[in-house]
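Engineer: Coordinates in start.cif, mmCIF, C-alpha atoms, are listed below.
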```
data_coords
loop_
_atom_site.label_atom_id
_atom_site.label_comp_id
_atom_site.auth_asym_id
_atom_site.auth_seq_id
_atom_site.Cartn_x
_atom_site.Cartn_y
_atom_site.Cartn_z
CA MET A 1 -51.53 9.47 7.33
CA ILE A 2 -49.29 11.42 4.93
CA LYS A 3 -50.50 15.01 4.57
CA VAL A 4 -49.89 16.56 1.15
CA LEU A 5 -50.09 20.14 -0.14
CA LEU A 6 -50.41 20.67 -3.90
CA ALA A 7 -48.83 23.70 -5.59
CA ASP A 8 -49.50 24.24 -9.30
CA ASP A 9 -50.88 27.23 -11.18
CA HIS A 10 -53.23 25.07 -13.29
CA ALA A 11 -56.47 24.20 -11.49
CA ALA A 12 -57.06 21.17 -13.72
CA VAL A 13 -53.66 19.74 -12.78
CA ARG A 14 -54.35 20.24 -9.08
CA ALA A 15 -57.76 18.58 -9.45
CA GLY A 16 -56.22 15.56 -11.14
CA LEU A 17 -53.47 15.24 -8.54
CA ARG A 18 -55.98 15.56 -5.69
CA MET A 19 -58.17 12.83 -7.15
CA LEU A 20 -55.19 10.54 -7.60
CA LEU A 21 -53.56 11.09 -4.22
CA ASP A 22 -56.77 11.14 -2.16
CA SER A 23 -57.62 7.72 -3.59
CA ALA A 24 -54.32 6.25 -2.36
CA GLU A 25 -54.13 4.61 1.07
CA GLU A 26 -52.67 6.67 3.91
CA ILE A 27 -52.42 9.87 1.82
CA GLU A 28 -54.56 12.96 2.31
CA VAL A 29 -54.43 16.21 0.32
CA VAL A 30 -54.85 18.97 2.92
CA GLY A 31 -54.60 22.03 0.67
CA GLU A 32 -53.96 23.55 -2.76
CA ALA A 33 -51.91 26.56 -3.82
CA ALA A 34 -51.95 28.33 -7.18
CA ASP A 35 -48.52 29.97 -6.84
CA GLY A 36 -45.33 29.89 -4.79
CA VAL A 37 -46.36 32.64 -2.37
CA GLU A 38 -49.57 30.82 -1.50
CA ALA A 39 -47.69 27.51 -1.24
CA VAL A 40 -45.29 28.87 1.38
CA ALA A 41 -48.11 30.45 3.39
CA LEU A 42 -50.28 27.32 3.33
CA ALA A 43 -47.36 25.04 4.19
CA ARG A 44 -46.62 27.10 7.27
CA GLU A 45 -50.29 27.04 8.24
CA LEU A 46 -51.16 23.41 7.45
CA HIS A 47 -47.83 21.66 8.24
CA PRO A 48 -48.00 19.05 5.44
CA ASP A 49 -45.51 16.19 5.31
CA VAL A 50 -44.92 16.67 1.57
CA VAL A 51 -45.46 19.61 -0.78
CA VAL A 52 -45.92 18.52 -4.40
CA MET A 53 -44.65 21.59 -6.25
CA ASP A 54 -44.47 22.73 -9.86
CA ILE A 55 -41.49 24.88 -10.87
CA ARG A 56 -42.99 27.58 -13.08
CA MET A 57 -45.70 29.47 -11.18
CA PRO A 58 -46.62 33.17 -10.88
CA ARG A 59 -45.44 35.51 -8.10
CA LYS A 60 -42.88 33.00 -6.78
CA ASP A 61 -41.55 29.97 -8.65
CA GLY A 62 -41.30 26.51 -7.14
CA ILE A 63 -37.54 26.65 -6.61
CA ALA A 64 -37.71 29.88 -4.59
CA ALA A 65 -40.66 28.48 -2.63
CA ALA A 66 -38.77 25.25 -1.89
CA ALA A 67 -35.89 27.27 -0.46
CA GLU A 68 -38.31 29.00 1.93
CA LEU A 69 -39.79 25.68 3.04
CA ARG A 70 -36.58 24.25 4.46
CA GLY A 71 -37.43 22.82 7.85
CA VAL A 72 -41.16 23.30 7.20
CA ALA A 73 -41.99 20.44 4.82
CA ASP A 74 -40.29 18.12 2.34
CA VAL A 75 -40.74 19.22 -1.27
CA LEU A 76 -41.34 16.92 -4.22
CA VAL A 77 -40.90 18.90 -7.43
CA LEU A 78 -43.37 17.69 -10.06
CA THR A 79 -42.77 19.44 -13.37
CA SER A 80 -42.68 19.14 -17.14
CA TYR A 81 -39.14 20.53 -17.22
CA GLY A 82 -36.29 18.03 -17.04
CA GLU A 83 -33.40 20.33 -17.97
CA ASP A 84 -30.28 19.79 -15.86
CA GLU A 85 -30.25 23.41 -14.69
CA ASN A 86 -33.75 23.10 -13.23
CA VAL A 87 -32.83 19.86 -11.46
CA PHE A 88 -29.66 21.31 -9.93
CA ASP A 89 -31.40 24.51 -8.85
CA ALA A 90 -34.22 22.54 -7.20
CA LEU A 91 -31.80 20.28 -5.31
CA ARG A 92 -29.68 23.24 -4.19
CA ALA A 93 -32.88 24.88 -2.94
CA GLY A 94 -33.55 21.87 -0.74
CA ALA A 95 -36.09 19.81 -2.69
CA SER A 96 -36.17 16.19 -1.56
CA GLY A 97 -37.34 14.81 -4.89
CA TYR A 98 -37.71 15.66 -8.57
CA LEU A 99 -40.26 13.93 -10.77
CA LEU A 100 -41.54 14.67 -14.27
CA LYS A 101 -45.26 15.05 -14.93
CA ASP A 102 -45.26 12.20 -17.42
CA ALA A 103 -44.77 9.76 -14.52
CA ASP A 104 -47.60 7.26 -14.13
CA ALA A 105 -49.99 7.28 -11.17
CA GLU A 106 -48.24 4.47 -9.31
CA THR A 107 -44.87 6.21 -9.61
CA LEU A 108 -46.26 9.48 -8.26
CA VAL A 109 -47.95 7.83 -5.27
CA GLU A 110 -44.80 5.90 -4.43
CA ALA A 111 -42.73 9.08 -4.80
CA VAL A 112 -44.89 10.86 -2.21
CA ARG A 113 -44.49 7.91 0.17
CA THR A 114 -40.75 7.80 -0.45
CA ILE A 115 -40.30 11.50 0.37
CA ALA A 116 -42.53 11.16 3.46
CA ARG A 117 -40.28 8.33 4.71
CA GLY A 118 -37.32 10.66 4.61
CA ASP A 119 -35.74 9.18 1.48
CA GLY A 120 -34.85 11.14 -1.65
CA LEU A 121 -36.06 10.51 -5.19
CA ILE A 122 -35.02 11.70 -8.64
CA SER A 123 -36.87 10.81 -11.83
CA PRO A 124 -34.99 8.22 -13.91
CA ALA A 125 -35.51 10.52 -16.89
CA VAL A 126 -33.21 13.17 -15.39
CA THR A 127 -30.78 10.93 -13.52
CA ARG A 128 -28.50 10.57 -16.55
CA GLY A 129 -27.78 14.29 -16.50
CA LEU A 130 -26.78 14.14 -12.85
CA ILE A 131 -24.50 11.16 -13.46
CA THR A 132 -22.87 12.97 -16.38
CA GLU A 133 -22.16 16.01 -14.25
CA PHE A 134 -20.69 13.89 -11.44
CA ALA A 135 -18.43 12.20 -13.98
CA ARG A 136 -16.90 15.53 -14.98
CA SER A 137 -13.80 16.77 -13.21
CA ARG A 138 -15.36 20.24 -13.02
CA PRO A 139 -19.16 20.00 -12.58
CA ALA A 140 -21.24 22.72 -14.18
CA TYR A 141 -23.17 23.34 -10.97
CA ALA A 142 -21.87 24.95 -7.78
CA PRO A 143 -20.70 22.46 -5.13
CA ILE A 144 -22.85 21.92 -2.06
CA ALA A 145 -21.62 24.05 0.85
CA VAL A 146 -21.71 22.61 4.36
CA ASP A 147 -20.92 23.67 7.90
CA GLY A 148 -17.22 22.81 8.32
CA ALA A 149 -17.46 22.50 12.10
CA GLY A 150 -20.45 20.22 11.74
CA LEU A 151 -18.56 17.99 9.31
CA ALA A 152 -15.73 17.63 11.79
CA ASN A 153 -18.22 16.73 14.53
CA LEU A 154 -19.87 13.84 12.70
CA THR A 155 -19.59 10.61 14.66
CA PRO A 156 -18.06 7.56 12.95
CA ARG A 157 -21.56 6.08 12.58
CA GLU A 158 -22.94 9.31 11.09
CA THR A 159 -20.02 9.35 8.66
CA GLU A 160 -20.90 5.80 7.61
CA VAL A 161 -24.52 6.76 7.10
CA LEU A 162 -23.52 9.81 5.03
CA ALA A 163 -21.32 7.64 2.79
CA LEU A 164 -24.16 5.17 2.22
CA ILE A 165 -26.56 8.01 1.41
CA GLY A 166 -24.02 9.03 -1.22
CA GLU A 167 -24.23 5.53 -2.67
CA GLY A 168 -27.96 6.05 -3.17
CA MET A 169 -29.15 3.72 -0.43
CA SER A 170 -32.57 4.18 1.20
CA ASN A 171 -33.03 4.18 4.97
CA ALA A 172 -34.17 0.55 4.82
CA GLU A 173 -31.09 -0.45 2.83
CA ILE A 174 -28.77 1.41 5.20
CA ALA A 175 -30.45 -0.32 8.14
CA GLY A 176 -29.75 -3.70 6.58
CA GLU A 177 -26.17 -2.77 5.72
CA LEU A 178 -25.33 -1.49 9.22
CA GLY A 179 -27.52 -3.89 11.21
CA MET A 180 -29.73 -1.32 12.91
CA ALA A 181 -33.40 -0.34 13.01
CA GLU A 182 -34.72 1.86 10.21
CA ALA A 183 -35.91 4.39 12.81
CA THR A 184 -32.34 4.63 14.11
CA VAL A 185 -31.07 5.30 10.59
CA LYS A 186 -33.64 8.07 10.17
CA SER A 187 -32.40 9.65 13.42
CA HIS A 188 -28.81 9.50 12.14
CA VAL A 189 -29.85 11.10 8.84
CA THR A 190 -31.64 13.90 10.70
CA ARG A 191 -28.52 14.59 12.79
CA VAL A 192 -26.26 14.52 9.73
CA LEU A 193 -28.43 17.09 7.93
CA ALA A 194 -28.56 19.30 11.03
CA LYS A 195 -24.80 19.17 11.63
CA LEU A 196 -23.94 19.89 8.01
CA GLY A 197 -26.59 22.58 7.60
CA LEU A 198 -28.19 20.76 4.67
CA ALA A 199 -31.85 20.99 3.73
CA SER A 200 -32.47 17.55 2.30
CA ARG A 201 -31.24 14.01 1.91
CA VAL A 202 -30.57 14.66 -1.78
CA GLN A 203 -28.19 17.49 -0.88
CA ALA A 204 -26.42 15.12 1.50
CA ALA A 205 -26.09 12.53 -1.27
CA ILE A 206 -24.60 15.10 -3.65
CA PHE A 207 -22.16 16.31 -0.98
CA ALA A 208 -21.10 12.73 -0.16
CA ARG A 209 -20.45 12.00 -3.82
CA GLU A 210 -18.41 15.20 -4.14
CA GLN A 211 -16.33 14.24 -1.09
CA ALA A 212 -15.68 10.80 -2.56
CA ARG A 213 -14.12 12.21 -5.74
#
```
So, in terms of structure tokens, how does the structure I just supplied come out?
Structural biologist:
Amino acid sequence: MIKVLLADDHAAVRAGLRMLLDSAEEIEVVGEAADGVEAVALARELHPDVVVMDIRMPRKDGIAAAAELRGVADVLVLTSYGEDENVFDALRAGASGYLLKDADAETLVEAVRTIARGDGLISPAVTRGLITEFARSRPAYAPIAVDGAGLANLTPRETEVLALIGEGMSNAEIAGELGMAEATVKSHVTRVLAKLGLASRVQAAIFAREQAR
């Protein structure tokens, strides 16, 4: 069962999300938060697998809350704001996914499952902006910083996995490419993130793309 925490300052939005997600198989909404401060506190108390988080909330916004939830829960940002700056800030903060609120019900449910599996997800509506920035010789956003010693200590297999993450492959696709079990790939991904000091798979993908320039 995938445990989900909802964080949005609009009660009607939370009610709609709860109805949608609770009706999906193997997903259970375990709590609701009306702002970022409450989201962080409830996540630490309830230990959800995924926090579905809006960006603009009182007391603490979703990006600041996501940064505090590193190592606590994976964050799926669900927002009306698709500006590049918001996307980059959310990914730097450690969010594992970024989806716009105009996504249909099936897309949202699958996004939650994707994040819970340990994969990353970015809304197609904002992907073009990311691609544009990667195509520039001098990206507008700050590069992802990693632990230099950890990078040097990656095994050859972990280096392969990191490169494939940078190509946008899911754990299942990497497993097929390298001829190993998906659970083994997930273990490699976990070790790569730990060694590099990264908060999410999406950060690892951005770093891998930067290294491949």
Engineer: Pick out the closest residue to A:Thr190 from this set: A:Glu106, A:Leu178, A:Glu158, A:Ser23. Count all atoms listed in the file.
Structural biologist: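 Closest to A:Thr190 of all the choices is A:Glu158.
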Engineer: What's around A:Glu160 at 12 Å? Count all atoms listed in the file, leave out sequence neighbours fewer than 3 positions away in its own chain, and write the answer as an mmCIF file with C-alpha atoms, in the frame of the given file.
Structural biologist:
```cif
data_model
loop_
_atom_site.group_PDB
_atom_site.id
_atom_site.type_symbol
_atom_site.label_atom_id
_atom_site.label_comp_id
_atom_site.auth_asym_id
_atom_site.auth_seq_id
_atom_site.Cartn_x
_atom_site.Cartn_y
_atom_site.Cartn_z
ATOM 1 C CA LEU A 154 -19.870 13.840 12.700
ATOM 2 C CA THR A 155 -19.590 10.610 14.660
ATOM 3 C CA PRO A 156 -18.060 7.560 12.950
ATOM 4 C CA ARG A 157 -21.560 6.080 12.580
ATOM 5 C CA ALA A 163 -21.320 7.640 2.790
ATOM 6 C CA LEU A 164 -24.160 5.170 2.220
ATOM 7 C CA ILE A 165 -26.560 8.010 1.410
ATOM 8 C CA GLY A 166 -24.020 9.030 -1.220
ATOM 9 C CA GLU A 167 -24.230 5.530 -2.670
ATOM 10 C CA MET A 169 -29.150 3.720 -0.430
ATOM 11 C CA ILE A 174 -28.770 1.410 5.200
ATOM 12 C CA ALA A 175 -30.450 -0.320 8.140
ATOM 13 C CA GLU A 177 -26.170 -2.770 5.720
ATOM 14 C CA LEU A 178 -25.330 -1.490 9.220
ATOM 15 C CA VAL A 185 -31.070 5.300 10.590
ATOM 16 C CA HIS A 188 -28.810 9.500 12.140
ATOM 17 C CA VAL A 189 -29.850 11.100 8.840
ATOM 18 C CA VAL A 192 -26.260 14.520 9.730
ATOM 19 C CA ALA A 208 -21.100 12.730 -0.160
#
```
Engineer: The PyMOL selection byres ((chain A and resi 113-116) around 9) on the file shown: which residues, as a list in words?
Structural biologist: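 In the shown coordinates, the PyMOL selection byres ((chain A and resi 113-116) around 9) covers Ile2, Lys3, Ile27, Asp49, Val50, Asp74, Val75, Leu76, Ser96, Gly97, Leu108, Val109, Glu110, Ala111, Val112, Arg117, Gly118, Asp119, Gly120 and Leu121 of chain A.
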Engineer: Could you check how far atom CA of A:Val72 sits from atom CA of A:Leu21, in Å to one decimal?
Structural biologist: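 It comes out at 20.8 Å.
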Engineer: Translate the PyMOL selection byres ((chain A and resi 62) around 9) into a concrete residue list for this structure, as a compact mmCIF listing (two decimals) with C-alpha atoms, keeping the file's coordinate frame.
Structural biologist:
```
# COMPACT_ATOMS: atom_id res chain seq x y z
CA ALA A 7 -48.83 23.70 -5.59
CA ASP A 8 -49.50 24.24 -9.30
CA ASP A 35 -48.52 29.97 -6.84
CA GLY A 36 -45.33 29.89 -4.79
CA ALA A 39 -47.69 27.51 -1.24
CA MET A 53 -44.65 21.59 -6.25
CA ASP A 54 -44.47 22.73 -9.86
CA ILE A 55 -41.49 24.88 -10.87
CA ARG A 56 -42.99 27.58 -13.08
CA MET A 57 -45.70 29.47 -11.18
CA LYS A 60 -42.88 33.00 -6.78
CA ASP A 61 -41.55 29.97 -8.65
CA ILE A 63 -37.54 26.65 -6.61
CA ALA A 64 -37.71 29.88 -4.59
CA ALA A 65 -40.66 28.48 -2.63
CA ALA A 66 -38.77 25.25 -1.89
CA ALA A 67 -35.89 27.27 -0.46
CA VAL A 77 -40.90 18.90 -7.43
CA ALA A 90 -34.22 22.54 -7.20
```
Engineer: I'd like the interatomic distance between atom CA of A:Phe88 and atom CA of A:Asn171, to a tenth of an Å.
Structural biologist: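 Those two atoms sit 23.0 Å apart.
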Engineer: Could you tell me which of A:Ser170, A:Leu46, A:Ala105, A:Leu151 comes closest to A:Asp22 if we count all atoms listed in the file?
Structural biologist: A:Ala105
Engineer: Take atom CA of A:Ala33 and atom CA of A:Ile122 and report the distance between them in Å, one decimal.
Structural biologist: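 Interatomic distance, atom CA of A:Ala33 to atom CA of A:Ile122: 23.0 Å.
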Engineer: Between A:Ala181, A:Leu99, A:Ile206, A:Val37, which is the closest to A:Thr79 once you count only C-alpha atoms?
Structural biologist: A:Leu99
Engineer: List as an mmCIF file with C-alpha atoms, keeping the file's coordinate frame the protein and nucleic acid residues near A:Ala149, meaning an atom at most 12 Å away when all atoms listed in the file are counted, but skip any in the same chain fewer than 5 places from it.
Structural biologist:
```cif
data_model
loop_
_atom_site.group_PDB
_atom_site.id
_atom_site.type_symbol
_atom_site.label_atom_id
_atom_site.label_comp_id
_atom_site.auth_asym_id
_atom_site.auth_seq_id
_atom_site.Cartn_x
_atom_site.Cartn_y
_atom_site.Cartn_z
ATOM 1 C CA LEU A 154 -19.870 13.840 12.700
ATOM 2 C CA ALA A 194 -28.560 19.300 11.030
ATOM 3 C CA LYS A 195 -24.800 19.170 11.630
ATOM 4 C CA LEU A 196 -23.940 19.890 8.010
ATOM 5 C CA GLY A 197 -26.590 22.580 7.600
#
```
Engineer: Which centre and which edge lengths, in Å to one decimal, describe the axis-aligned box that holds all listed atoms of stretch 24-42 of chain A after 8 Å is added on each side, as JSON?
Structural biologist:
```
{"center_x": -50.1, "center_y": 18.6, "center_z": -1.6, "size_x": 25.6, "size_y": 44.0, "size_z": 27.1}
```
Engineer: Pick out the closest residue to A:Phe207 from this set: A:Lys186, A:Asp102, A:Arg92, A:Thr107. Count all atoms listed in the file.
Structural biologist: A:Arg92
Engineer: Using only C-alpha atoms, can you tell me which of A:Val40, A:Ala204, A:Ala103, A:Ala34 comes closest to A:Val13?
Structural biologist: A:Ala34
Engineer: Which one is closest to A:Ala95: A:Arg209, A:Gly150, A:Ser80, A:Gly71? Count only C-alpha atoms.
Structural biologist: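 Counting only C-alpha atoms, the residue closest to A:Ala95 is A:Gly71.
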